[in-house]
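The data block below is protein.pdb; it holds PDB, C-alpha atoms.
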```
ATOM      1  CA  GLN A   1     229.626  -6.621 124.968  1.00  0.00           C
ATOM      2  CA  VAL A   2     232.793  -8.323 123.777  1.00  0.00           C
ATOM      3  CA  GLN A   3     233.694 -11.987 123.642  1.00  0.00           C
ATOM      4  CA  LEU A   4     237.245 -13.303 123.368  1.00  0.00           C
ATOM      5  CA  VAL A   5     237.910 -16.915 122.446  1.00  0.00           C
ATOM      6  CA  GLU A   6     241.408 -18.384 122.544  1.00  0.00           C
ATOM      7  CA  SER A   7     242.618 -21.431 120.677  1.00  0.00           C
ATOM      8  CA  GLY A   8     245.843 -23.078 119.606  1.00  0.00           C
ATOM      9  CA  GLY A   9     247.237 -24.322 122.891  1.00  0.00           C
ATOM     10  CA  GLY A  10     248.695 -27.775 123.275  1.00  0.00           C
ATOM     11  CA  SER A  11     251.676 -29.831 124.316  1.00  0.00           C
ATOM     12  CA  VAL A  12     255.065 -29.512 122.646  1.00  0.00           C
ATOM     13  CA  GLN A  13     258.648 -30.369 123.381  1.00  0.00           C
ATOM     14  CA  ALA A  14     261.199 -27.739 124.294  1.00  0.00           C
ATOM     15  CA  GLY A  15     262.352 -25.865 121.225  1.00  0.00           C
ATOM     16  CA  GLY A  16     259.033 -26.299 119.488  1.00  0.00           C
ATOM     17  CA  SER A  17     256.491 -23.732 118.355  1.00  0.00           C
ATOM     18  CA  LEU A  18     252.819 -22.961 118.831  1.00  0.00           C
ATOM     19  CA  ARG A  19     250.544 -20.235 117.542  1.00  0.00           C
ATOM     20  CA  LEU A  20     247.746 -19.018 119.763  1.00  0.00           C
ATOM     21  CA  SER A  21     244.713 -17.249 118.355  1.00  0.00           C
ATOM     22  CA  CYS A  22     242.277 -14.887 120.039  1.00  0.00           C
ATOM     23  CA  ALA A  23     239.071 -14.258 118.126  1.00  0.00           C
ATOM     24  CA  ALA A  24     237.132 -11.183 119.187  1.00  0.00           C
ATOM     25  CA  SER A  25     233.436 -10.617 118.594  1.00  0.00           C
ATOM     26  CA  GLY A  26     230.874  -8.080 119.658  1.00  0.00           C
ATOM     27  CA  TYR A  27     231.665  -4.390 120.046  1.00  0.00           C
ATOM     28  CA  ILE A  28     235.258  -4.796 118.916  1.00  0.00           C
ATOM     29  CA  HIS A  29     235.737  -1.222 117.733  1.00  0.00           C
ATOM     30  CA  SER A  30     236.256  -0.189 121.341  1.00  0.00           C
ATOM     31  CA  LEU A  31     239.237  -2.493 121.805  1.00  0.00           C
ATOM     32  CA  ASN A  32     242.418  -0.440 121.688  1.00  0.00           C
ATOM     33  CA  CYS A  33     244.902  -2.686 123.465  1.00  0.00           C
ATOM     34  CA  MET A  34     245.091  -6.448 123.145  1.00  0.00           C
ATOM     35  CA  TYR A  35     247.358  -8.535 125.345  1.00  0.00           C
ATOM     36  CA  TRP A  36     248.329 -12.076 126.052  1.00  0.00           C
ATOM     37  CA  PHE A  37     248.771 -13.001 129.715  1.00  0.00           C
ATOM     38  CA  ARG A  38     249.839 -16.288 131.215  1.00  0.00           C
ATOM     39  CA  GLN A  39     249.583 -17.867 134.608  1.00  0.00           C
ATOM     40  CA  ALA A  40     251.325 -20.995 135.833  1.00  0.00           C
ATOM     41  CA  PRO A  41     250.224 -22.855 138.965  1.00  0.00           C
ATOM     42  CA  GLY A  42     251.503 -21.096 142.067  1.00  0.00           C
ATOM     43  CA  LYS A  43     252.758 -18.100 140.103  1.00  0.00           C
ATOM     44  CA  GLU A  44     251.461 -14.612 139.505  1.00  0.00           C
ATOM     45  CA  ARG A  45     249.774 -13.678 136.259  1.00  0.00           C
ATOM     46  CA  GLU A  46     252.254 -12.260 133.761  1.00  0.00           C
ATOM     47  CA  GLY A  47     251.629 -10.059 130.745  1.00  0.00           C
ATOM     48  CA  VAL A  48     253.768 -11.553 127.983  1.00  0.00           C
ATOM     49  CA  ALA A  49     252.854  -9.589 124.854  1.00  0.00           C
ATOM     50  CA  GLY A  50     250.620  -6.726 123.832  1.00  0.00           C
ATOM     51  CA  ILE A  51     249.612  -4.774 120.774  1.00  0.00           C
ATOM     52  CA  SER A  52     248.031  -1.433 120.109  1.00  0.00           C
ATOM     53  CA  THR A  53     245.269  -2.311 117.655  1.00  0.00           C
ATOM     54  CA  GLY A  54     245.137  -0.911 114.169  1.00  0.00           C
ATOM     55  CA  GLY A  55     248.764  -1.417 113.298  1.00  0.00           C
ATOM     56  CA  GLY A  56     250.292   0.174 116.361  1.00  0.00           C
ATOM     57  CA  SER A  57     253.106  -0.701 118.710  1.00  0.00           C
ATOM     58  CA  THR A  58     253.893  -4.075 120.226  1.00  0.00           C
ATOM     59  CA  TYR A  59     255.123  -4.870 123.704  1.00  0.00           C
ATOM     60  CA  TYR A  60     256.899  -7.903 125.136  1.00  0.00           C
ATOM     61  CA  ALA A  61     257.987  -9.173 128.504  1.00  0.00           C
ATOM     62  CA  ASP A  62     261.738  -9.667 128.770  1.00  0.00           C
ATOM     63  CA  SER A  63     261.180 -13.370 129.279  1.00  0.00           C
ATOM     64  CA  VAL A  64     259.758 -13.811 125.772  1.00  0.00           C
ATOM     65  CA  LYS A  65     261.514 -11.143 123.693  1.00  0.00           C
ATOM     66  CA  GLY A  66     262.980 -12.590 120.536  1.00  0.00           C
ATOM     67  CA  ARG A  67     260.894 -15.764 120.842  1.00  0.00           C
ATOM     68  CA  PHE A  68     257.260 -14.612 120.816  1.00  0.00           C
ATOM     69  CA  THR A  69     255.555 -12.381 118.266  1.00  0.00           C
ATOM     70  CA  ILE A  70     252.141 -10.766 118.647  1.00  0.00           C
ATOM     71  CA  SER A  71     250.207  -9.770 115.550  1.00  0.00           C
ATOM     72  CA  GLU A  72     246.683  -8.932 114.465  1.00  0.00           C
ATOM     73  CA  ASP A  73     244.440  -9.638 111.519  1.00  0.00           C
ATOM     74  CA  ASN A  74     241.875  -6.877 111.465  1.00  0.00           C
ATOM     75  CA  ALA A  75     239.810  -8.529 108.768  1.00  0.00           C
ATOM     76  CA  MET A  76     239.447 -11.625 110.932  1.00  0.00           C
ATOM     77  CA  ASN A  77     239.179  -9.696 114.225  1.00  0.00           C
ATOM     78  CA  THR A  78     241.887 -11.962 115.547  1.00  0.00           C
ATOM     79  CA  VAL A  79     245.088 -11.488 117.501  1.00  0.00           C
ATOM     80  CA  TYR A  80     247.831 -14.080 117.320  1.00  0.00           C
ATOM     81  CA  LEU A  81     250.743 -15.056 119.508  1.00  0.00           C
ATOM     82  CA  GLN A  82     253.452 -16.925 117.640  1.00  0.00           C
ATOM     83  CA  MET A  83     255.613 -18.729 120.161  1.00  0.00           C
ATOM     84  CA  ASN A  84     258.951 -20.136 119.023  1.00  0.00           C
ATOM     85  CA  SER A  85     261.839 -21.756 120.874  1.00  0.00           C
ATOM     86  CA  LEU A  86     259.481 -22.754 123.653  1.00  0.00           C
ATOM     87  CA  LYS A  87     260.911 -23.591 127.055  1.00  0.00           C
ATOM     88  CA  PRO A  88     259.452 -25.626 129.923  1.00  0.00           C
ATOM     89  CA  GLU A  89     259.082 -22.389 131.877  1.00  0.00           C
ATOM     90  CA  ASP A  90     256.611 -21.176 129.236  1.00  0.00           C
ATOM     91  CA  THR A  91     254.153 -23.782 130.509  1.00  0.00           C
ATOM     92  CA  ALA A  92     251.029 -21.957 131.678  1.00  0.00           C
ATOM     93  CA  MET A  93     247.436 -21.131 130.928  1.00  0.00           C
ATOM     94  CA  TYR A  94     247.447 -18.361 128.350  1.00  0.00           C
ATOM     95  CA  TYR A  95     244.721 -15.730 128.336  1.00  0.00           C
ATOM     96  CA  CYS A  96     243.759 -13.107 125.815  1.00  0.00           C
ATOM     97  CA  ALA A  97     242.679  -9.757 127.238  1.00  0.00           C
ATOM     98  CA  ALA A  98     241.357  -6.520 125.803  1.00  0.00           C
ATOM     99  CA  SER A  99     241.254  -2.969 127.092  1.00  0.00           C
ATOM    100  CA  ILE A 100     239.268   0.047 125.926  1.00  0.00           C
ATOM    101  CA  LEU A 101     241.785   2.493 127.356  1.00  0.00           C
ATOM    102  CA  HIS A 102     243.448   4.856 124.910  1.00  0.00           C
ATOM    103  CA  ARG A 103     246.141   3.350 122.715  1.00  0.00           C
ATOM    104  CA  SER A 104     248.762   5.634 124.256  1.00  0.00           C
ATOM    105  CA  TRP A 105     248.392   3.560 127.442  1.00  0.00           C
ATOM    106  CA  CYS A 106     248.925   0.169 125.837  1.00  0.00           C
ATOM    107  CA  GLY A 107     252.528  -0.148 126.956  1.00  0.00           C
ATOM    108  CA  ARG A 108     251.725   0.603 130.597  1.00  0.00           C
ATOM    109  CA  LEU A 109     248.691  -1.524 131.320  1.00  0.00           C
ATOM    110  CA  LYS A 110     248.370  -4.025 134.141  1.00  0.00           C
ATOM    111  CA  GLY A 111     245.911  -6.853 134.541  1.00  0.00           C
ATOM    112  CA  ASP A 112     243.274  -4.756 136.287  1.00  0.00           C
ATOM    113  CA  ASP A 113     243.222  -2.355 133.318  1.00  0.00           C
ATOM    114  CA  PHE A 114     241.699  -4.964 131.046  1.00  0.00           C
ATOM    115  CA  HIS A 115     237.965  -5.091 130.585  1.00  0.00           C
ATOM    116  CA  TYR A 116     237.513  -8.360 128.732  1.00  0.00           C
ATOM    117  CA  TRP A 117     239.152 -11.760 129.132  1.00  0.00           C
ATOM    118  CA  GLY A 118     239.008 -15.049 127.302  1.00  0.00           C
ATOM    119  CA  GLN A 119     238.645 -18.423 128.958  1.00  0.00           C
ATOM    120  CA  GLY A 120     242.280 -19.393 128.428  1.00  0.00           C
ATOM    121  CA  THR A 121     244.173 -22.054 126.514  1.00  0.00           C
ATOM    122  CA  GLN A 122     246.741 -24.380 128.068  1.00  0.00           C
ATOM    123  CA  VAL A 123     250.320 -24.510 126.819  1.00  0.00           C
ATOM    124  CA  THR A 124     252.547 -27.303 128.108  1.00  0.00           C
ATOM    125  CA  VAL A 125     256.216 -27.529 127.161  1.00  0.00           C
ATOM    126  CA  SER A 126     258.120 -30.678 128.079  1.00  0.00           C
ATOM    127  CA  SER A 127     261.878 -30.944 128.394  1.00  0.00           C
TER     128      SER A 127
END
```

Take the structure I supplied and represent it as C-alpha cells, if you would.
Amino acid sequence: QVQLVESGGGSVQAGGSLRLSCAASGYIHSLNCMYWFRQAPGKEREGVAGISTGGGSTYYADSVKGRFTISEDNAMNTVYLQMNSLKPEDTAMYYCAASILHRSWCGRLKGDDFHYWGQGTQVTVSS
C-alpha cells in the first residue's frame, strides 16, 4: 500500500510563490510516475505537472509552463511543486497522484491511470 500526503498550500497574492510537497510512504518502489493535479470548484480536474521518477522526464500543462517546476527528492521520498508567478486562476485544490504504469507512459497519463491519491492541499491566489 502507498500513502501520499500533501502539504504547503495556503493563501498568497497574485505574483507570489508557494511550494507544495508530496511525501510518499509504503511500497514506493512501484511508483513510476508522480503528478500534481488540481481542481477548482465547478471545473474539471487538470493535470498540471508530472515527473518520471528516478531522474526522468518532466511534463507540464500549457497553463503553468514557465511558472511551475516539479522535482523529486528520492532520499526524502518527496515530490515538490514550486509555483511562481501565481495567478488567481491557479486557485484550486491541489492533489498529488502516483501511478505504477511504466515510466514510458508518464507523459500520456490521465486521471484514471493513477493508482494512489493524496487528500489534497488548498491553494488560494488573490488579485

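Picked out by the PyMOL selection byres ((chain A and resi 19) around 6) when it runs on this file: Gly8, Leu18, Leu20, Leu81, Gln82 and Met83 of chain A.
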
Practice task
Within 6 Å of range 97-105 of chain A, counting all atoms listed in the file, which residues show up once you throw out same-chain ones fewer than 6 positions away? Write them as a PyMOL selection string, please.
Solution key: chain A and resi 30-35+52+114-117

Handout entry: Pick from A:Arg38, A:Lys87, A:Lys110, A:His29, whichever lies nearest to Gly54 in chain A using all atoms listed in the file
Key = A:His29

Handout entry: Distance query Val79 in chain A at most 7 Å, all atoms listed in the file, self and fewer than 6 positions along chain excluded, as a list in words
Key =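 The neighbour list is Ser21, Cys22, Ala23, Ser71, Glu72 and Asp73 of chain A.
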
Same residues, C-alpha atoms, saved as a compact mmCIF listing (two decimals), in the coordinates of the input:
```
# COMPACT_ATOMS: atom_id res chain seq x y z
CA SER A 21 244.71 -17.25 118.36
CA CYS A 22 242.28 -14.89 120.04
CA ALA A 23 239.07 -14.26 118.13
CA SER A 71 250.21 -9.77 115.55
CA GLU A 72 246.68 -8.93 114.46
CA ASP A 73 244.44 -9.64 111.52
```

Problem - Computed interatomic separation between CA of Glu89 in chain A and CA of Ala40 in chain A (Å) - result: 8.8 Å

Exercise for the section: List the residues selected by the PyMOL selection byres ((chain A and resi 56-61) around 9) in the file shown, writing them as a VMD selection string. Expected result: chain A and resid 35 46 to 55 62 to 66 68 to 71 103 106 to 107

Report as a PDB file with C-alpha atoms, keeping the file's coordinate frame all protein, DNA and RNA residues lying within 9 Å of Ile28 in chain A, evaluated on all atoms listed in the file, omitting residues in the same chain fewer than 6 positions from it.
```pdb
ATOM      1  CA  GLN A   1     229.626  -6.621 124.968  1.00  0.00           C
ATOM      2  CA  VAL A   2     232.793  -8.323 123.777  1.00  0.00           C
ATOM      3  CA  GLN A   3     233.694 -11.987 123.642  1.00  0.00           C
ATOM      4  CA  ASN A  77     239.179  -9.696 114.225  1.00  0.00           C
TER       5      ASN A  77
END
```

Practice task
Compare A:Tyr80, A:Tyr94, A:Gly118, A:Leu86 by their minimum atom-to-atom distance to Val5 in chain A, counting all atoms listed in the file, and give me the closest one.
Solution key: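 Closest residue, counting all atoms listed in the file: A:Gly118.
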
Exercise for the section: Just give me the gap between CA of Phe37 in chain A and CA of Ser7 in chain A in Å, one decimal is fine. Expected result: 13.8 Å

For a cutoff of 10 Å around the file-coordinate point (248.2, -28.8, 128.4), which residues qualify once you count all atoms listed in the file? I'd like the result as an mmCIF file with C-alpha atoms, in the frame of the given file.
```
data_model
loop_
_atom_site.group_PDB
_atom_site.id
_atom_site.type_symbol
_atom_site.label_atom_id
_atom_site.label_comp_id
_atom_site.auth_asym_id
_atom_site.auth_seq_id
_atom_site.Cartn_x
_atom_site.Cartn_y
_atom_site.Cartn_z
ATOM 1 C CA GLY A 9 247.237 -24.322 122.891
ATOM 2 C CA GLY A 10 248.695 -27.775 123.275
ATOM 3 C CA SER A 11 251.676 -29.831 124.316
ATOM 4 C CA VAL A 12 255.065 -29.512 122.646
ATOM 5 C CA THR A 91 254.153 -23.782 130.509
ATOM 6 C CA ALA A 92 251.029 -21.957 131.678
ATOM 7 C CA MET A 93 247.436 -21.131 130.928
ATOM 8 C CA THR A 121 244.173 -22.054 126.514
ATOM 9 C CA GLN A 122 246.741 -24.380 128.068
ATOM 10 C CA VAL A 123 250.320 -24.510 126.819
ATOM 11 C CA THR A 124 252.547 -27.303 128.108
ATOM 12 C CA VAL A 125 256.216 -27.529 127.161
#
```
